[in-house]
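As provided, run.txt (compact mmCIF, C-alpha atoms) reads as follows.
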# COMPACT_ATOMS: atom_id res chain seq x y z
CA MET D 94 -26.83 -2.27 -3.91
CA SER D 95 -28.96 -0.37 -1.47
CA GLU D 96 -28.84 -0.02 2.33
CA HIS D 97 -30.06 -3.51 3.35
CA GLN D 98 -29.94 -5.45 0.11
CA ILE D 99 -29.32 -9.20 0.27
CA TYR D 100 -26.14 -10.30 -1.48
CA THR D 101 -24.15 -13.48 -1.86
CA LEU D 102 -20.50 -14.13 -1.01
CA HIS D 103 -18.41 -17.05 -2.21
CA ILE D 104 -16.56 -18.32 0.85
CA ASN D 105 -14.47 -21.50 1.12
CA GLY D 106 -16.17 -22.85 -1.99
CA ASP D 107 -19.72 -22.26 -0.74
CA GLU D 108 -22.30 -19.58 -1.48
CA HIS D 109 -23.35 -17.61 1.61
CA GLN D 110 -26.33 -15.26 1.53
CA VAL D 111 -25.87 -12.09 3.59
CA LYS D 112 -29.20 -10.91 5.00
CA ASP D 113 -30.19 -8.28 7.55
CA ALA D 114 -26.86 -6.53 7.16
CA TRP D 115 -25.99 -2.89 6.61
CA ILE D 116 -24.36 -2.45 3.21
CA GLY D 117 -21.36 -0.61 4.69
CA GLU D 118 -20.22 -3.52 6.86
CA SER D 119 -16.69 -4.85 6.56
CA LEU D 120 -16.05 -8.40 5.42
CA LEU D 121 -14.74 -9.17 8.91
CA TYR D 122 -18.01 -8.08 10.50
CA VAL D 123 -20.10 -9.99 7.97
CA LEU D 124 -18.05 -13.17 8.42
CA ARG D 125 -18.29 -13.10 12.19
CA GLU D 126 -21.66 -11.52 12.92
CA ARG D 127 -23.78 -12.39 9.88
CA LEU D 128 -22.42 -15.72 8.66
CA GLY D 129 -21.24 -17.43 11.85
CA LEU D 130 -17.64 -17.74 10.67
CA PRO D 131 -15.73 -16.37 13.68
CA GLY D 132 -12.28 -17.68 12.69
CA ALA D 133 -11.07 -14.28 11.53
CA LYS D 134 -10.61 -12.19 14.67
CA GLY D 135 -11.45 -8.53 15.10
CA ALA D 136 -9.06 -6.38 17.13
CA CYS D 137 -7.93 -3.11 15.60
CA GLU D 138 -10.39 -2.80 12.70
CA GLN D 139 -7.86 -0.60 10.91
CA GLY D 140 -5.55 -3.06 9.20
CA GLU D 141 -2.80 -2.87 11.82
CA CYS D 142 -2.99 -6.24 13.56
CA GLY D 143 -3.62 -8.84 10.87
CA SER D 144 -5.78 -11.01 13.13
CA CYS D 145 -8.60 -10.80 10.57
CA THR D 146 -6.44 -12.03 7.64
CA VAL D 147 -8.32 -13.89 4.90
CA VAL D 148 -7.38 -14.71 1.32
CA LEU D 149 -9.34 -12.69 -1.22
CA ASP D 150 -8.90 -13.68 -4.87
CA GLY D 151 -5.50 -15.13 -4.02
CA ASP D 152 -4.23 -12.24 -1.90
CA ALA D 153 -3.85 -12.30 1.88
CA VAL D 154 -5.67 -9.17 3.05
CA CYS D 155 -7.20 -7.70 6.20
CA SER D 156 -10.91 -8.52 6.04
CA CYS D 157 -11.66 -5.49 8.22
CA LEU D 158 -10.60 -3.26 5.30
CA VAL D 159 -12.72 -5.04 2.69
CA LEU D 160 -16.19 -3.66 2.10
CA ALA D 161 -18.11 -6.96 2.19
CA ALA D 162 -20.57 -5.93 -0.50
CA SER D 163 -17.69 -5.13 -2.85
CA ALA D 164 -16.47 -8.74 -2.54
CA VAL D 165 -19.49 -10.14 -4.37
CA GLY D 166 -18.08 -12.37 -7.11
CA SER D 167 -14.71 -12.77 -5.37
CA ASP D 168 -13.25 -15.97 -3.95
CA ILE D 169 -12.87 -15.66 -0.19
CA ALA D 170 -10.90 -18.19 1.85
CA THR D 171 -11.04 -18.12 5.65
CA VAL D 172 -9.31 -20.23 8.29
CA GLU D 173 -12.45 -22.38 8.54
CA GLY D 174 -11.91 -23.52 4.97
CA LEU D 175 -8.35 -24.74 5.40
CA SER D 176 -9.43 -28.16 6.55
CA PRO D 177 -13.19 -28.65 6.22
CA ASP D 178 -13.21 -32.10 7.83
CA GLY D 179 -11.92 -30.71 11.11
CA SER D 180 -8.45 -32.19 10.89
CA LEU D 181 -5.43 -29.90 11.14
CA THR D 182 -3.21 -28.69 8.34
CA ASP D 183 0.54 -29.14 8.68
CA VAL D 184 0.87 -25.44 9.54
CA GLN D 185 -1.75 -25.67 12.28
CA GLN D 186 -0.14 -28.81 13.71
CA ALA D 187 3.30 -27.20 13.64
CA PHE D 188 1.97 -24.16 15.53
CA ILE D 189 0.75 -26.51 18.27
CA ASP D 190 3.89 -28.64 18.33
CA GLU D 191 6.22 -25.65 18.49
CA GLY D 192 4.26 -23.75 21.13
CA ALA D 193 3.38 -20.95 18.72
CA VAL D 194 -0.14 -20.72 20.15
CA GLN D 195 -0.43 -19.00 23.48
CA CYS D 196 -3.54 -16.85 23.98
CA GLY D 197 -4.51 -17.87 20.45
CA PHE D 198 -6.13 -14.63 19.36
CA CYS D 199 -3.64 -13.89 16.58
CA THR D 200 -3.34 -17.53 15.54
CA PRO D 201 -5.99 -17.74 12.76
CA GLY D 202 -4.53 -14.67 11.05
CA LEU D 203 -1.00 -16.00 11.37
CA ILE D 204 -2.06 -19.43 10.08
CA MET D 205 -3.59 -17.76 7.01
CA ALA D 206 -0.52 -15.59 6.44
CA ALA D 207 1.83 -18.57 6.88
CA HIS D 208 -0.18 -20.74 4.47
CA HIS D 209 -0.25 -17.91 1.95
CA LEU D 210 3.53 -17.49 2.20
CA LEU D 211 4.24 -21.21 1.82
CA ASP D 212 1.79 -21.52 -1.10
CA HIS D 213 3.93 -19.01 -3.00
CA ASN D 214 7.39 -19.74 -1.63
CA SER D 215 8.26 -23.28 -0.58
CA SER D 216 11.65 -22.38 0.93
CA PRO D 217 11.50 -18.84 2.29
CA SER D 218 14.56 -17.22 3.86
CA GLU D 219 14.42 -16.01 7.45
CA LEU D 220 13.87 -12.45 6.20
CA GLU D 221 11.11 -13.55 3.85
CA VAL D 222 9.29 -15.31 6.69
CA LYS D 223 9.63 -12.26 8.93
CA GLU D 224 8.42 -9.92 6.22
CA ALA D 225 5.49 -12.16 5.26
CA LEU D 226 4.33 -12.28 8.89
CA SER D 227 5.11 -8.62 9.64
CA GLY D 228 1.46 -7.65 9.27
CA ASN D 229 0.35 -10.01 12.05
CA ILE D 230 0.78 -8.82 15.60
CA CYS D 231 1.32 -11.38 18.37
CA ARG D 232 1.72 -10.05 21.91
CA CYS D 233 2.39 -13.40 23.62
CA THR D 234 5.07 -15.41 21.90
CA GLY D 235 7.72 -12.91 20.92
CA TYR D 236 7.47 -14.57 17.47
CA GLY D 237 10.33 -17.04 18.01
CA ARG D 238 8.00 -20.01 18.32
CA ILE D 239 5.97 -18.83 15.34
CA PHE D 240 9.09 -18.70 13.15
CA ALA D 241 10.07 -22.13 14.51
CA ALA D 242 6.66 -23.49 13.45
CA VAL D 243 7.03 -22.12 9.91
CA ASP D 244 10.59 -23.53 9.71
CA LYS D 245 9.29 -26.90 10.80
CA VAL D 246 6.65 -26.96 8.05
CA VAL D 247 9.27 -26.01 5.48
CA SER D 248 11.65 -28.77 6.52
CA VAL D 249 8.90 -31.41 6.80
CA ARG D 250 7.52 -30.53 3.37
CA GLN D 251 11.01 -30.56 1.86
CA GLY D 252 11.73 -33.93 3.48
CA ALA D 253 8.48 -35.33 2.12
CA SER D 254 9.18 -34.13 -1.42
CA ARG D 255 12.70 -35.54 -1.49
CA MET O 25 -25.59 4.05 1.78
CA THR O 26 -25.50 2.53 -1.66
CA VAL O 27 -22.71 0.37 -3.08
CA LEU O 28 -22.18 0.26 -6.82
CA ILE O 29 -19.88 -2.30 -8.41
CA PRO O 30 -19.12 -1.44 -12.04
CA ASN O 31 -17.59 -4.11 -14.28
CA THR O 32 -16.01 -1.70 -16.76
CA LEU O 33 -14.49 1.76 -16.68
CA ASP O 34 -17.29 3.12 -18.88
CA GLU O 35 -19.86 1.77 -16.45
CA ALA O 36 -17.97 3.36 -13.56
CA LEU O 37 -17.87 6.75 -15.32
CA ALA O 38 -21.62 6.61 -15.98
CA MET O 39 -22.29 5.74 -12.33
CA LEU O 40 -20.06 8.59 -11.19
CA SER O 41 -21.84 11.06 -13.50
CA ASP O 42 -25.15 10.02 -11.93
CA ASN O 43 -23.66 10.26 -8.40
CA PRO O 44 -21.05 13.02 -8.47
CA SER O 45 -20.64 12.98 -4.69
CA ALA O 46 -19.88 9.24 -4.61
CA ASP O 47 -16.77 7.97 -2.87
CA LEU O 48 -14.47 5.89 -5.07
CA LEU O 49 -13.16 2.78 -3.32
CA THR O 50 -10.07 0.80 -4.35
CA GLY O 51 -8.05 -1.05 -1.68
CA GLY O 52 -10.12 0.31 1.20
CA THR O 53 -7.11 0.76 3.45
CA ASP O 54 -8.06 4.37 4.24
CA MET O 55 -11.79 4.56 3.62
CA MET O 56 -12.79 1.40 5.46
CA VAL O 57 -10.98 2.54 8.61
CA GLU O 58 -13.13 5.68 8.60
CA VAL O 59 -16.29 3.65 7.89
CA ASN O 60 -15.46 1.09 10.61
CA PHE O 61 -15.05 3.86 13.17
CA ASN O 62 -18.09 5.81 12.00
CA HIS O 63 -15.92 8.77 11.00
CA ARG O 64 -17.34 8.67 7.52
CA LYS O 65 -20.78 7.68 6.31
CA PRO O 66 -20.60 7.68 2.54
CA SER O 67 -23.93 8.00 0.77
CA THR O 68 -22.70 6.19 -2.31
CA VAL O 69 -19.60 4.07 -2.78
CA ILE O 70 -18.39 3.03 -6.21
CA ALA O 71 -16.10 0.03 -5.70
CA LEU O 72 -13.51 -0.12 -8.45
CA ARG O 73 -12.00 -3.54 -7.69
CA ARG O 74 -13.43 -5.23 -10.79
CA LEU O 75 -12.03 -2.72 -13.27
CA THR O 76 -9.29 -4.67 -15.02
CA GLU O 77 -8.54 -1.51 -17.07
CA LEU O 78 -6.98 0.00 -13.92
CA GLN O 79 -4.98 -3.07 -12.95
CA SER O 80 -2.30 -3.26 -15.61
CA TRP O 81 1.08 -1.57 -15.99
CA SER O 82 3.51 -1.27 -18.86
CA ILE O 83 7.14 -0.41 -19.45
CA ASP O 84 7.89 1.24 -22.80
CA LYS O 85 11.64 0.67 -23.28
CA GLU O 86 11.72 2.72 -26.47
CA GLN O 87 10.10 5.80 -24.98
CA GLN O 88 11.72 5.07 -21.59
CA ARG O 89 8.32 5.50 -19.97
CA VAL O 90 6.36 3.58 -17.36
CA THR O 91 2.59 3.61 -16.99
CA ILE O 92 0.98 2.15 -13.87
CA GLY O 93 -2.77 1.62 -13.57
CA ALA O 94 -4.44 3.29 -10.61
CA GLY O 95 -5.64 -0.09 -9.33
CA VAL O 96 -2.26 -1.87 -9.32
CA PRO O 97 -1.52 -2.90 -5.72
CA TYR O 98 1.77 -1.94 -4.04
CA ALA O 99 2.67 -5.63 -3.82
CA GLU O 100 3.20 -5.63 -7.60
CA MET O 101 5.66 -2.73 -7.37
CA GLU O 102 7.81 -4.38 -4.70
CA ARG O 103 9.43 -6.92 -7.02
CA GLY O 104 9.65 -7.88 -10.66
CA PRO O 105 10.05 -5.62 -13.70
CA LEU O 106 8.44 -2.55 -12.09
CA ALA O 107 10.85 -2.77 -9.15
CA GLU O 108 13.84 -3.23 -11.45
CA THR O 109 12.83 -0.23 -13.56
CA LEU O 110 11.80 2.08 -10.71
CA PRO O 111 13.71 0.96 -7.59
CA CYS O 112 12.67 4.06 -5.64
CA LEU O 113 9.03 3.13 -6.17
CA ALA O 114 9.76 -0.43 -5.05
CA GLU O 115 11.46 0.86 -1.89
CA ALA O 116 8.50 3.12 -1.13
CA ALA O 117 6.02 0.33 -1.85
CA ARG O 118 7.86 -1.97 0.55
CA THR O 119 7.39 0.52 3.40
CA VAL O 120 3.62 0.69 2.95
CA GLY O 121 1.85 -0.91 5.93
CA SER O 122 2.20 -4.67 5.86
CA PRO O 123 1.95 -7.39 3.19
CA GLN O 124 -1.83 -7.43 3.72
CA ILE O 125 -2.03 -3.66 3.18
CA ARG O 126 0.27 -3.79 0.15
CA ALA O 127 -1.90 -6.47 -1.44
CA ALA O 128 -4.84 -4.06 -1.26
CA GLY O 129 -3.48 -0.50 -1.36
CA THR O 130 -2.94 1.25 -4.69
CA LEU O 131 -1.29 4.37 -6.11
CA GLY O 132 -4.74 5.46 -7.29
CA GLY O 133 -5.95 5.32 -3.71
CA ASN O 134 -2.86 7.20 -2.50
CA LEU O 135 -3.61 9.91 -5.09
CA GLY O 136 -7.32 9.99 -4.34
CA THR O 137 -6.71 10.40 -0.61
CA CYS O 138 -3.74 12.75 -1.12
CA SER O 139 -2.43 12.53 2.42
CA PRO O 140 0.97 14.26 2.76
CA ALA O 141 2.03 10.98 4.43
CA GLY O 142 1.07 8.89 1.39
CA ASP O 143 4.15 6.72 0.85
CA GLY O 144 3.88 6.65 -2.94
CA LEU O 145 3.52 10.38 -3.40
CA PRO O 146 7.13 11.61 -2.88
CA VAL O 147 8.11 9.09 -5.55
CA LEU O 148 5.58 10.51 -8.00
CA SER O 149 6.89 14.00 -7.27
CA ALA O 150 10.59 13.12 -7.66
CA LEU O 151 9.83 11.29 -10.91
CA ASP O 152 7.79 14.26 -12.24
CA ALA O 153 4.92 11.83 -12.78
CA THR O 154 1.80 12.56 -14.78
CA VAL O 155 -1.64 11.73 -13.37
CA HIS O 156 -4.19 10.41 -15.86
CA LEU O 157 -7.84 11.26 -15.21
CA LEU O 158 -10.83 10.11 -17.22
CA SER O 159 -14.30 11.67 -17.38
CA PRO O 160 -17.20 11.14 -19.80
CA THR O 161 -15.78 14.02 -21.86
CA GLY O 162 -12.35 12.47 -22.26
CA GLU O 163 -8.91 12.04 -20.74
CA ARG O 164 -6.97 14.73 -18.91
CA GLN O 165 -3.29 14.45 -18.02
CA ILE O 166 -1.88 16.63 -15.31
CA SER O 167 1.50 16.88 -13.63
CA PHE O 168 1.55 15.45 -10.09
CA HIS O 169 2.91 18.83 -8.95
CA ASP O 170 -0.36 20.47 -10.04
CA PHE O 171 -2.56 17.58 -8.89
CA MET O 172 -2.06 17.73 -5.13
CA THR O 173 -3.14 21.09 -3.69
CA GLY O 174 -3.16 20.46 0.05
CA PRO O 175 -3.64 17.86 2.77
CA LYS O 176 -6.26 15.46 1.39
CA ARG O 177 -6.99 17.93 -1.41
CA ASN O 178 -6.48 17.54 -5.13
CA VAL O 179 -7.86 18.81 -8.40
CA ARG O 180 -9.79 15.67 -9.39
CA ALA O 181 -13.18 16.83 -10.66
CA SER O 182 -16.28 15.09 -9.33
CA ASP O 183 -16.90 13.28 -12.61
CA GLU O 184 -13.30 12.09 -13.01
CA ILE O 185 -11.68 8.76 -12.16
CA ILE O 186 -7.90 8.50 -11.67
CA THR O 187 -6.92 5.81 -14.15
CA ALA O 188 -3.12 5.75 -14.13
CA VAL O 189 0.17 7.48 -13.51
CA SER O 190 3.04 7.63 -15.96
CA MET O 191 6.63 8.77 -15.70
CA ASN O 192 9.93 8.80 -17.56
CA ILE O 193 12.50 6.28 -16.41
CA PRO O 194 15.36 8.33 -14.95
CA ASN O 195 18.83 7.54 -16.15
CA GLY O 196 20.60 7.36 -12.82
CA TRP O 197 20.40 6.31 -9.19
CA GLN O 198 17.10 6.55 -7.34
CA GLY O 199 16.20 5.86 -3.75
CA TYR O 200 13.56 6.32 -1.07
CA ALA O 201 13.84 6.53 2.70
CA LYS O 202 11.31 6.89 5.46
CA VAL O 203 11.35 7.45 9.19
CA GLY O 204 8.63 6.07 11.44
CA VAL O 205 8.44 4.74 14.96
CA ARG O 206 9.33 1.24 13.80
CA ASN O 207 10.02 -0.69 10.60
CA ALA O 208 6.79 -2.46 9.74
CA MET O 209 3.26 -1.14 9.70
CA VAL O 210 3.98 2.50 10.22
CA ILE O 211 2.75 5.83 8.89
CA SER O 212 5.69 8.00 7.96
CA VAL O 213 6.94 10.78 10.22
CA ALA O 214 9.17 12.01 7.39
CA SER O 215 10.06 10.55 4.02
CA ALA O 216 12.20 11.46 1.03
CA CYS O 217 12.71 10.31 -2.53
CA LEU O 218 15.89 11.24 -4.39
CA VAL O 219 16.60 10.77 -8.09
CA LEU O 220 19.85 11.47 -9.92
CA ASP O 221 19.20 11.94 -13.59
CA HIS O 222 21.88 12.01 -16.29
CA SER O 223 19.49 12.01 -19.22
CA VAL O 224 19.00 15.75 -19.63
CA SER O 225 22.59 16.94 -19.55
CA ASP O 226 26.13 15.67 -19.14
CA THR O 227 26.21 16.41 -15.46
CA ARG O 228 23.85 14.63 -13.14
CA MET O 229 20.83 16.55 -11.94
CA VAL O 230 19.28 15.82 -8.56
CA ARG O 231 15.58 15.73 -7.77
CA LEU O 232 14.39 15.55 -4.16
CA ALA O 233 10.81 15.24 -2.89
CA LEU O 234 9.69 15.14 0.75
CA GLY O 235 6.66 13.56 2.41
CA SER O 236 4.93 14.22 5.76
CA VAL O 237 6.68 17.56 6.20
CA GLY O 238 4.22 20.00 4.66
CA PRO O 239 0.66 20.41 3.46
CA THR O 240 1.62 18.79 0.16
CA ILE O 241 4.56 16.75 -1.00
CA ILE O 242 7.46 19.23 -1.14
CA ARG O 243 9.84 19.36 -4.09
CA CYS O 244 13.07 20.92 -2.92
CA ARG O 245 13.61 23.12 -5.97
CA GLU O 246 16.05 25.48 -4.24
CA THR O 247 18.17 22.69 -2.78
CA GLU O 248 18.16 20.92 -6.14
CA SER O 249 19.31 23.95 -8.14
CA TRP O 250 21.94 24.75 -5.53
CA TRP O 251 23.47 21.24 -5.77
CA ASN O 252 23.14 21.13 -9.55
CA SER O 253 25.19 24.32 -9.74
CA VAL O 254 28.00 23.03 -7.50
CA PRO O 255 31.05 22.13 -9.64
CA SER O 256 30.95 18.39 -10.31
CA THR O 257 34.31 17.86 -8.59
CA GLN O 258 32.79 19.24 -5.39
CA GLN O 259 29.35 17.61 -5.56
CA THR O 260 30.35 14.52 -3.60
CA ALA O 261 32.45 16.32 -0.98
CA THR O 262 31.30 15.71 2.58
CA ALA O 263 30.75 19.42 3.18
CA THR O 264 28.54 19.65 0.07
CA ILE O 265 26.46 16.66 1.04
CA ASP O 266 26.06 17.99 4.58
CA GLU O 267 24.90 21.33 3.22
CA PHE O 268 22.50 19.53 0.86
CA GLY O 269 20.92 17.89 3.92
CA SER O 270 20.58 21.07 5.91
CA ARG O 271 19.18 22.97 2.92
CA ALA O 272 16.59 20.23 2.40
CA GLY O 273 15.67 20.45 6.08
CA ASP O 274 15.23 24.20 5.70
CA GLU O 275 13.03 23.71 2.67
CA SER O 276 10.67 21.37 4.52
CA ARG O 277 7.64 22.89 6.23
CA PRO O 278 6.78 20.46 9.02
CA ILE O 279 4.33 20.92 11.88
CA ASP O 280 3.97 19.48 15.37
CA ASP O 281 1.25 16.83 15.48
CA HIS O 282 0.36 13.58 17.22
CA ARG O 283 3.01 11.68 15.26
CA SER O 284 6.04 13.90 15.79
CA THR O 285 7.39 17.41 16.19
CA ALA O 286 8.39 19.91 13.53
CA ASP O 287 11.94 20.05 14.90
CA TYR O 288 12.41 16.30 14.75
CA ARG O 289 10.93 16.10 11.27
CA ARG O 290 13.24 18.82 9.96
CA HIS O 291 16.20 17.00 11.47
CA ALA O 292 15.02 13.69 10.00
CA ILE O 293 14.74 15.25 6.54
CA SER O 294 18.31 16.55 6.77
CA VAL O 295 19.58 13.10 7.71
CA LEU O 296 17.50 11.25 5.09
CA SER O 297 18.47 13.66 2.30
CA ARG O 298 22.14 13.47 3.19
CA ARG O 299 21.97 9.68 3.40
CA LEU O 300 20.19 9.32 0.05
CA LEU O 301 22.62 11.66 -1.72
CA THR O 302 25.57 9.80 -0.22
CA ARG O 303 24.18 6.48 -1.43
CA GLY O 304 23.37 7.90 -4.81
CA THR O 305 26.71 9.55 -5.46
CA GLN O 306 28.70 6.55 -4.21
CA SER O 307 26.94 4.08 -6.46

Would you mind writing the structure in this file as structure tokens?
Amino acid sequence: MSEHQIYTLHINGDEHQVKDAWIGESLLYVLRERLGLPGAKGACEQGECGSCTVVLDGDAVCSCLVLAASAVGSDIATVEGLSPDGSLTDVQQAFIDEGAVQCGFCTPGLIMAAHHLLDHNSSPSELEVKEALSGNICRCTGYGRIFAAVDKVVSVRQGASR
Amino acid sequence: MTVLIPNTLDEALAMLSDNPSADLLTGGTDMMVEVNFNHRKPSTVIALRRLTELQSWSIDKEQQRVTIGAGVPYAEMERGPLAETLPCLAEAARTVGSPQIRAAGTLGGNLGTCSPAGDGLPVLSALDATVHLLSPTGERQISFHDFMTGPKRNVRASDEIITAVSMNIPNGWQGYAKVGVRNAMVISVASACLVLDHSVSDTRMVRLALGSVGPTIIRCRETESWWNSVPSTQQTATATIDEFGSRAGDESRPIDDHRSTADYRRHAISVLSRRLLTRGTQS
């Protein structure tokens, strides 16, 4: 693919054509600036903060470290795709209920990381939750309320499945 | 800038032959930082993420040998059969960045970049790993010790792709330790991998490799042969283990830089080496 070639990304089940972009742009930049999907947030652009977390072919990754053009043919899931009808997922609702959202900048990345954890581990230990969210920096909450939100989802889901 | 996305290893080799100065991209955790900050403007990038040939690993119980594809992410080394077979690799993998970084970052990328702070590299050194390289003319296997020649320098030829690493499974305790400014998401200030191997002789032989304290990964050959020659009744004595640590510190070649000082790094290596040997000999 050359400098300004048009390519297509598969995001949240839809095909998105990327036009007028430079071929070296990160997936984060393409999502936000080319495709109008600003859910993933850009802060460090070096994989340190996790606020740009998306799920790429089943893995939670930092979209700032993905060369967008290399993701052609991959399945990309962003926070916008969690609940297309605009309602909230149980994780999003729990973040609100438990006060895990303060300035909100880290929230989309944390929501994606928390969903990814709970998709693979329905009853994580405290350490597993901490480790799974260790790539997402939050400077407001001190994390306590975020862990409380994840715990709440776990217990509600377990109650529902009983 | 041009981006090429081969579907097979053969396709990738052909693309690389046509573009010998191309940058090879796997997890992107190093290269994309440089691209994002305009520190690097690659003319051609060959993205290897579709090459399933690089994404598998195998454990040969009969030969006691492990082979890990260059595109296997660290997340796969943290748990499961690879972690049970090579716990020191699992421990190193778990210290790499964050879960997001470990889902993307690979040993092939660590080898391609060849930073002395690469978390996987001391493990490859302590395990005497072999690096597998493929070019249109065939496969070349080279010891890790001969592969890395300096900071961000290695002997990969411009038409070669790193396809895998392989290593013998040591018969004995193995461990990895790292010092950074905090636990998660940190580039190492000093790191060490220690292996105790009983497979070659009756007495256990130690192997110790250090990261972030020299231009390459440092294998502490002098410290190793000193400890291996200590009578086995004395090998676990506190005085011996203390001396092991201070010898390892002396064998490191750290510098002052933005992450730490040479003095601190040398001290950290002494402590880490002592700690690993204590754990290893007590288990």

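The shortest atom-to-atom distance to Glu221 (chain D), with only C-alpha atoms taken into account, belongs to O:Pro123 out of O:Pro123, O:Leu135, O:Ala114, O:Lys202.
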
Output as JSON lines one row per residue of chain D within 9 Å of chain O: the closest atom pair and its distance in Å to one decimal place, counting only C-alpha atoms, sorted by chain and residue number ascending.
{"residue": "D:Met94", "atom": "CA", "partner": "O:Val27", "partner_atom": "CA", "distance": 5.0}
{"residue": "D:Ser95", "atom": "CA", "partner": "O:Thr26", "partner_atom": "CA", "distance": 4.5}
{"residue": "D:Glu96", "atom": "CA", "partner": "O:Met25", "partner_atom": "CA", "distance": 5.2}
{"residue": "D:His97", "atom": "CA", "partner": "O:Met25", "partner_atom": "CA", "distance": 8.9}
{"residue": "D:Trp115", "atom": "CA", "partner": "O:Met25", "partner_atom": "CA", "distance": 8.5}
{"residue": "D:Ile116", "atom": "CA", "partner": "O:Met25", "partner_atom": "CA", "distance": 6.8}
{"residue": "D:Gly117", "atom": "CA", "partner": "O:Met25", "partner_atom": "CA", "distance": 6.9}
{"residue": "D:Glu118", "atom": "CA", "partner": "O:Asn60", "partner_atom": "CA", "distance": 7.6}
{"residue": "D:Ser119", "atom": "CA", "partner": "O:Asn60", "partner_atom": "CA", "distance": 7.3}
{"residue": "D:Glu138", "atom": "CA", "partner": "O:Asn60", "partner_atom": "CA", "distance": 6.7}
{"residue": "D:Gln139", "atom": "CA", "partner": "O:Val57", "partner_atom": "CA", "distance": 5.0}
{"residue": "D:Gly140", "atom": "CA", "partner": "O:Ile125", "partner_atom": "CA", "distance": 7.0}
{"residue": "D:Glu141", "atom": "CA", "partner": "O:Met209", "partner_atom": "CA", "distance": 6.6}
{"residue": "D:Cys142", "atom": "CA", "partner": "O:Met209", "partner_atom": "CA", "distance": 8.9}
{"residue": "D:Gly143", "atom": "CA", "partner": "O:Gln124", "partner_atom": "CA", "distance": 7.5}
{"residue": "D:Thr146", "atom": "CA", "partner": "O:Gln124", "partner_atom": "CA", "distance": 7.6}
{"residue": "D:Asp152", "atom": "CA", "partner": "O:Ala127", "partner_atom": "CA", "distance": 6.2}
{"residue": "D:Ala153", "atom": "CA", "partner": "O:Gln124", "partner_atom": "CA", "distance": 5.6}
{"residue": "D:Val154", "atom": "CA", "partner": "O:Gln124", "partner_atom": "CA", "distance": 4.3}
{"residue": "D:Cys155", "atom": "CA", "partner": "O:Gln124", "partner_atom": "CA", "distance": 5.9}
{"residue": "D:Cys157", "atom": "CA", "partner": "O:Met56", "partner_atom": "CA", "distance": 7.5}
{"residue": "D:Leu158", "atom": "CA", "partner": "O:Met56", "partner_atom": "CA", "distance": 5.2}
{"residue": "D:Val159", "atom": "CA", "partner": "O:Gly52", "partner_atom": "CA", "distance": 6.1}
{"residue": "D:Leu160", "atom": "CA", "partner": "O:Met56", "partner_atom": "CA", "distance": 7.0}
{"residue": "D:Ala162", "atom": "CA", "partner": "O:Val27", "partner_atom": "CA", "distance": 7.1}
{"residue": "D:Ser163", "atom": "CA", "partner": "O:Ala71", "partner_atom": "CA", "distance": 6.1}
{"residue": "D:Ala164", "atom": "CA", "partner": "O:Arg73", "partner_atom": "CA", "distance": 8.6}
{"residue": "D:Val165", "atom": "CA", "partner": "O:Ile29", "partner_atom": "CA", "distance": 8.8}
{"residue": "D:Ala206", "atom": "CA", "partner": "O:Gln124", "partner_atom": "CA", "distance": 8.7}
{"residue": "D:Glu224", "atom": "CA", "partner": "O:Pro123", "partner_atom": "CA", "distance": 7.6}
{"residue": "D:Ala225", "atom": "CA", "partner": "O:Pro123", "partner_atom": "CA", "distance": 6.3}
{"residue": "D:Leu226", "atom": "CA", "partner": "O:Pro123", "partner_atom": "CA", "distance": 7.9}
{"residue": "D:Ser227", "atom": "CA", "partner": "O:Ser122", "partner_atom": "CA", "distance": 6.2}
{"residue": "D:Gly228", "atom": "CA", "partner": "O:Ser122", "partner_atom": "CA", "distance": 4.6}
{"residue": "D:Asn229", "atom": "CA", "partner": "O:Ser122", "partner_atom": "CA", "distance": 8.4}

Near-Gly132 (chain O) list (12 Å; all atoms listed in the file; drop same-chain fewer than 5 positions) as a ChimeraX atom specification: /O:48-53,72-73,78-79,92-98,137-138,142,144-145,148,155-157,180,185-190

Store the residues picked out above, limited to C-alpha atoms, as a short mmCIF file (atom, residue, chain, number, x, y, z; two decimals), keeping the file's coordinate frame.
data_model
loop_
_atom_site.label_atom_id
_atom_site.label_comp_id
_atom_site.auth_asym_id
_atom_site.auth_seq_id
_atom_site.Cartn_x
_atom_site.Cartn_y
_atom_site.Cartn_z
CA LEU O 48 -14.47 5.89 -5.07
CA LEU O 49 -13.16 2.78 -3.32
CA THR O 50 -10.07 0.80 -4.35
CA GLY O 51 -8.05 -1.05 -1.68
CA GLY O 52 -10.12 0.31 1.20
CA THR O 53 -7.11 0.76 3.45
CA LEU O 72 -13.51 -0.12 -8.45
CA ARG O 73 -12.00 -3.54 -7.69
CA LEU O 78 -6.98 0.00 -13.92
CA GLN O 79 -4.98 -3.07 -12.95
CA ILE O 92 0.98 2.15 -13.87
CA GLY O 93 -2.77 1.62 -13.57
CA ALA O 94 -4.44 3.29 -10.61
CA GLY O 95 -5.64 -0.09 -9.33
CA VAL O 96 -2.26 -1.87 -9.32
CA PRO O 97 -1.52 -2.90 -5.72
CA TYR O 98 1.77 -1.94 -4.04
CA THR O 137 -6.71 10.40 -0.61
CA CYS O 138 -3.74 12.75 -1.12
CA GLY O 142 1.07 8.89 1.39
CA GLY O 144 3.88 6.65 -2.94
CA LEU O 145 3.52 10.38 -3.40
CA LEU O 148 5.58 10.51 -8.00
CA VAL O 155 -1.64 11.73 -13.37
CA HIS O 156 -4.19 10.41 -15.86
CA LEU O 157 -7.84 11.26 -15.21
CA ARG O 180 -9.79 15.67 -9.39
CA ILE O 185 -11.68 8.76 -12.16
CA ILE O 186 -7.90 8.50 -11.67
CA THR O 187 -6.92 5.81 -14.15
CA ALA O 188 -3.12 5.75 -14.13
CA VAL O 189 0.17 7.48 -13.51
CA SER O 190 3.04 7.63 -15.96
#
